[in-house]
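*Asks:* Okay, here's the structure, questions in a sec.
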Amino acid sequence: MAGYGTAHMPAAPAAQMPEALLRLARPALRLLRRLPLVGPPLVRATLLRRQHRATGERAQLDPPVTFNDHILHRMLYDRDPRLKVINDKLAVRQVIAGLAGPAFVVPLLGVWDDPERIDWERLPERFVLKSNHASGRFALVRNPAERDPAALAARARAWLSSDYFDESLEWGYRGLPRRLLAEPLLVGPDGGPPAELQVLTFGGRAHYYRIQTGQKGMGGRTDTWYDPSGRRLEIRIGLRPSGVTATREEAETAMAAAERVSAGFAHLRVDFYLTGCGPRIGELTPYHRAGMTRWAQREWDERLGALWTAATARGPALAR
């Protein structure tokens, strides 16, 4: 992959605007970021500024060194069409079924392009409603109080109203078709919310995994890291660790499936739910925290970056 300069570009003028003026300028900025000649430097400046503000580090892109550098480099320059497929929560289901096996796919209850077409009466008591084209656009329906069709439809219309690229600046989301899908609400072996097991692969090999508990965006979320043998690692990225572990069978099953679906990628994070029926793949993640991870120990940013560099160097099929 061709190299790119590392100089930190100055902040766009909009960064200095008062919030009220910035709100007025955002539609124009979204349009400018999509123009062939003007858009790439604007996106680059925004992402470099965003990463520096989040991590306190200046990105190095020629060549990328740390894990955050590689994520940012991918966001800016990687135009592998597979990224469009794995970021689409509907299209990726076929990839998961074909490479890992149908047993790893979360069941599908329905797909709609308009929330007014959802037949709420046909959905089970508990389910998840989400959009296919974005990250973090979901609603959990766990009890009758949360089963409010009017409120859910309003949220869904808001999800469908914009292209997630305009918020995230992650190319793999740009221009995805916008649809809604519903899935059963998954439960863990104890009948409660399932823990999440995320496998970090490099060059199609599982190198680390992390177990998270608690709902995203809510207090009480935990994050504990392990090596492939199950040895706990002292990696901290802002969340407290917990005593939650996976069984050896769960971890080995997840890592083997993650290696199958990540083949051909220099890096991919494969996210599982640990359900009472075994691990299920929730999504494939190419842009870990959008390159804005604040590592408590910088050595891990460097170590994961070195694994990505080595995977890319092994051959053209992995230079993604």
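Just so we're on the same page: first chain in the structure tokens is A, next is B, and so on; residues restart at 1 for each chain, and ligands are numbered from 1 in the order they show up.
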Write out as a list in words each polymer residue whose atoms come within 10 Å of Thr201 (chain A), counting only C-alpha atoms; drop sequence neighbours fewer than 4 positions from it.
*Replies:*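 Contacts, in chain order: Arg205, Ala206, His207, Tyr208, Tyr209, Met255, Ala258, Glu259, Val261, Ser262, Ala263, Phe265, Ala266, His267, Leu268, Arg269, Val270, Leu304, Leu307, Trp308 and Ala311 of chain A.
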*Asks:* Residues of region 8-243 of chain A in helix (DSSP H, G or I) according to DSSP, as number ranges by chain?
*Replies:* A: 13-16, 19-33, 39-55, 67-77, 82-87, 91-99, 102-104, 115-117, 120-122, 144-146, 149-160, 165-168, 171-173
*Asks:* Could you give me, as a list of chain:residue names, the residues within 7 Å of region 215-228 of chain A, counting only C-alpha atoms and dropping anything in the same chain fewer than 4 positions from it?
*Replies:*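 Here the qualifying residues turn out to be A:His207, A:Tyr208, A:Tyr209, A:Arg210, A:Ile211, A:Arg232, A:Leu233, A:Ile235, A:Leu239, A:Arg240, A:Pro241, A:Ser242.
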*Asks:* What's around Thr285 (chain A) at 12 Å? Count only C-alpha atoms, leave out sequence neighbours fewer than 3 positions away in its own chain, and write the answer as a ChimeraX atom specification.
*Replies:* /A:71,82-89,92,134-135,170,172-173,198-201,258,261-262,265,267-272,281-282,288-291
*Asks:* Write out as a ChimeraX atom specification which residues come within 12 Å of Gly191 (chain A) when counting only C-alpha atoms, dropping same-chain ones fewer than 2 positions away.
*Replies:* /A:185-189,193-195,274-277
*Asks:* Selection from above, all heavy atoms, as an mmCIF file, in the first residue's frame, can you write it?
*Replies:*
data_model
loop_
_atom_site.group_PDB
_atom_site.id
_atom_site.type_symbol
_atom_site.label_atom_id
_atom_site.label_comp_id
_atom_site.auth_asym_id
_atom_site.auth_seq_id
_atom_site.Cartn_x
_atom_site.Cartn_y
_atom_site.Cartn_z
ATOM 1 N N LEU A 185 -33.816 -11.525 21.263
ATOM 2 C CA LEU A 185 -32.966 -11.048 22.353
ATOM 3 C C LEU A 185 -32.191 -12.248 22.897
ATOM 4 O O LEU A 185 -32.785 -13.186 23.438
ATOM 5 C CB LEU A 185 -33.818 -10.416 23.453
ATOM 6 C CG LEU A 185 -33.041 -9.695 24.554
ATOM 7 C CD1 LEU A 185 -32.374 -8.437 24.014
ATOM 8 C CD2 LEU A 185 -33.968 -9.347 25.712
ATOM 9 N N LEU A 186 -30.890 -12.227 22.729
ATOM 10 C CA LEU A 186 -30.064 -13.349 23.135
ATOM 11 C C LEU A 186 -29.870 -13.354 24.644
ATOM 12 O O LEU A 186 -29.851 -12.298 25.287
ATOM 13 C CB LEU A 186 -28.704 -13.285 22.440
ATOM 14 C CG LEU A 186 -28.738 -13.299 20.906
ATOM 15 C CD1 LEU A 186 -27.325 -13.151 20.345
ATOM 16 C CD2 LEU A 186 -29.388 -14.578 20.390
ATOM 17 N N VAL A 187 -29.696 -14.537 25.200
ATOM 18 C CA VAL A 187 -29.452 -14.677 26.641
ATOM 19 C C VAL A 187 -28.262 -15.589 26.854
ATOM 20 O O VAL A 187 -27.939 -16.452 26.029
ATOM 21 C CB VAL A 187 -30.691 -15.244 27.382
ATOM 22 C CG1 VAL A 187 -31.858 -14.284 27.280
ATOM 23 C CG2 VAL A 187 -31.073 -16.611 26.833
ATOM 24 N N GLY A 188 -27.596 -15.377 27.975
ATOM 25 C CA GLY A 188 -26.460 -16.206 28.329
ATOM 26 C C GLY A 188 -26.874 -17.517 28.951
ATOM 27 O O GLY A 188 -28.071 -17.789 29.143
ATOM 28 N N PRO A 189 -25.902 -18.368 29.299
ATOM 29 C CA PRO A 189 -26.214 -19.670 29.902
ATOM 30 C C PRO A 189 -27.023 -19.564 31.190
ATOM 31 O O PRO A 189 -27.774 -20.484 31.517
ATOM 32 C CB PRO A 189 -24.821 -20.270 30.167
ATOM 33 C CG PRO A 189 -23.926 -19.601 29.177
ATOM 34 C CD PRO A 189 -24.461 -18.207 29.031
ATOM 35 N N PRO A 193 -28.288 -11.417 30.411
ATOM 36 C CA PRO A 193 -27.630 -10.896 29.210
ATOM 37 C C PRO A 193 -26.335 -11.653 28.940
ATOM 38 O O PRO A 193 -25.564 -11.934 29.871
ATOM 39 C CB PRO A 193 -27.364 -9.430 29.551
ATOM 40 C CG PRO A 193 -28.357 -9.092 30.616
ATOM 41 C CD PRO A 193 -28.522 -10.352 31.411
ATOM 42 N N PRO A 194 -26.053 -11.986 27.692
ATOM 43 C CA PRO A 194 -24.835 -12.737 27.390
ATOM 44 C C PRO A 194 -23.597 -11.852 27.483
ATOM 45 O O PRO A 194 -23.641 -10.662 27.152
ATOM 46 C CB PRO A 194 -25.053 -13.211 25.951
ATOM 47 C CG PRO A 194 -25.955 -12.175 25.360
ATOM 48 C CD PRO A 194 -26.865 -11.738 26.480
ATOM 49 N N ALA A 195 -22.502 -12.426 27.938
ATOM 50 C CA ALA A 195 -21.227 -11.722 27.867
ATOM 51 C C ALA A 195 -20.799 -11.640 26.403
ATOM 52 O O ALA A 195 -21.241 -12.430 25.564
ATOM 53 C CB ALA A 195 -20.174 -12.455 28.698
ATOM 54 N N LEU A 274 -21.810 -14.768 23.995
ATOM 55 C CA LEU A 274 -21.723 -16.090 24.612
ATOM 56 C C LEU A 274 -23.103 -16.475 25.115
ATOM 57 O O LEU A 274 -23.491 -16.169 26.239
ATOM 58 C CB LEU A 274 -20.696 -16.069 25.746
ATOM 59 C CG LEU A 274 -19.261 -15.731 25.320
ATOM 60 C CD1 LEU A 274 -18.326 -15.759 26.527
ATOM 61 C CD2 LEU A 274 -18.771 -16.690 24.240
ATOM 62 N N THR A 275 -23.871 -17.141 24.257
ATOM 63 C CA THR A 275 -25.255 -17.471 24.565
ATOM 64 C C THR A 275 -25.355 -18.875 25.170
ATOM 65 O O THR A 275 -24.393 -19.652 25.146
ATOM 66 C CB THR A 275 -26.127 -17.420 23.295
ATOM 67 O OG1 THR A 275 -25.914 -18.615 22.515
ATOM 68 C CG2 THR A 275 -25.791 -16.203 22.446
ATOM 69 N N GLY A 276 -26.535 -19.186 25.655
ATOM 70 C CA GLY A 276 -26.779 -20.516 26.182
ATOM 71 C C GLY A 276 -26.722 -21.595 25.123
ATOM 72 O O GLY A 276 -26.630 -22.785 25.449
ATOM 73 N N CYS A 277 -26.758 -21.197 23.849
ATOM 74 C CA CYS A 277 -26.670 -22.146 22.730
ATOM 75 C C CYS A 277 -25.305 -22.114 22.066
ATOM 76 O O CYS A 277 -25.144 -22.630 20.960
ATOM 77 C CB CYS A 277 -27.750 -21.836 21.699
ATOM 78 S SG CYS A 277 -29.439 -21.982 22.322
#
*Asks:* Quick check for you: according to DSSP on this backbone, which residues of region 68-300 of chain A are classed as strand (DSSP E or B)? Reply as a ChimeraX atom specification.
*Replies:* /A:105,110-112,127-131,138-141,180-184,195-202,205-213,222-226,232-233,240,267-275,278-285
*Asks:* Using CA of Leu176 (chain A) and CA of Gln94 (chain A) as the two end points, give the distance in Å to one decimal.
*Replies:* 16.1 Å
*Asks:* Extract, using only C-alpha atoms, all DNA, RNA and protein residues at most 12 Å from Thr247 (chain A), discarding same-chain residues fewer than 2 positions from it, and format them as a CSV table (one decimal) with N, CA and C atoms, in the first residue's frame.
*Replies:*
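To be explicit, this is the file written out as selection-v2.csv:
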chain,number,residue,atom,x,y,z
A,189,PRO,N,-25.9,-18.4,29.3
A,189,PRO,CA,-26.2,-19.7,29.9
A,189,PRO,C,-27.0,-19.6,31.2
A,195,ALA,N,-22.5,-12.4,27.9
A,195,ALA,CA,-21.2,-11.7,27.9
A,195,ALA,C,-20.8,-11.6,26.4
A,197,LEU,N,-17.6,-11.7,23.7
A,197,LEU,CA,-16.2,-12.1,23.6
A,197,LEU,C,-15.7,-11.6,22.2
A,211,ILE,N,-13.3,-10.1,27.0
A,211,ILE,CA,-14.6,-10.4,27.4
A,211,ILE,C,-15.2,-9.1,28.1
A,229,SER,N,-4.2,-18.7,25.3
A,229,SER,CA,-4.2,-19.8,26.3
A,229,SER,C,-5.2,-19.6,27.5
A,230,GLY,N,-5.8,-18.4,27.5
A,230,GLY,CA,-6.8,-18.0,28.6
A,230,GLY,C,-6.1,-17.3,29.7
A,244,VAL,N,-15.4,-12.2,35.1
A,244,VAL,CA,-16.1,-13.0,34.1
A,244,VAL,C,-15.1,-13.6,33.1
A,245,THR,N,-15.2,-14.9,32.9
A,245,THR,CA,-14.4,-15.6,32.0
A,245,THR,C,-15.2,-16.4,31.0
A,249,GLU,N,-13.8,-24.3,26.2
A,249,GLU,CA,-14.5,-24.7,24.9
A,249,GLU,C,-15.1,-23.4,24.2
A,250,GLU,N,-15.7,-22.5,25.0
A,250,GLU,CA,-16.2,-21.3,24.3
A,250,GLU,C,-15.1,-20.5,23.7
A,251,ALA,N,-14.0,-20.3,24.4
A,251,ALA,CA,-12.9,-19.5,23.8
A,251,ALA,C,-12.3,-20.1,22.6
A,252,GLU,N,-12.1,-21.4,22.6
A,252,GLU,CA,-11.5,-22.1,21.5
A,252,GLU,C,-12.4,-22.1,20.3
A,253,THR,N,-13.7,-22.3,20.5
A,253,THR,CA,-14.7,-22.3,19.5
A,253,THR,C,-14.8,-20.9,18.8
A,254,ALA,N,-14.8,-19.9,19.6
A,254,ALA,CA,-14.8,-18.5,19.1
A,254,ALA,C,-13.5,-18.2,18.3
A,274,LEU,N,-21.8,-14.8,24.0
A,274,LEU,CA,-21.7,-16.1,24.6
A,274,LEU,C,-23.1,-16.5,25.1
A,278,GLY,N,-24.3,-21.5,22.7
A,278,GLY,CA,-23.0,-21.4,22.2
A,278,GLY,C,-22.7,-20.0,21.6
A,279,PRO,N,-21.5,-19.8,21.2
A,279,PRO,CA,-21.1,-18.4,20.7
A,279,PRO,C,-21.8,-18.1,19.4
*Asks:* Between A:His52, A:Arg178, A:Asp78, A:Arg33, which has the minimum distance to Tyr287 (chain A) (counting only C-alpha atoms)?
*Replies:*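 Checking each of A:His52, A:Arg178, A:Asp78, A:Arg33 against Tyr287 (chain A), counting only C-alpha atoms, the winner is A:Asp78.
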*Asks:* Might you pull out every residue within 12 Å of Thr309 (chain A), with only C-alpha atoms counted and same-chain residues fewer than 2 positions away left off, and present them as a ChimeraX atom specification?
*Replies:* /A:1,61-67,69-71,73,202-203,265-267,302-307,311-315,318-320
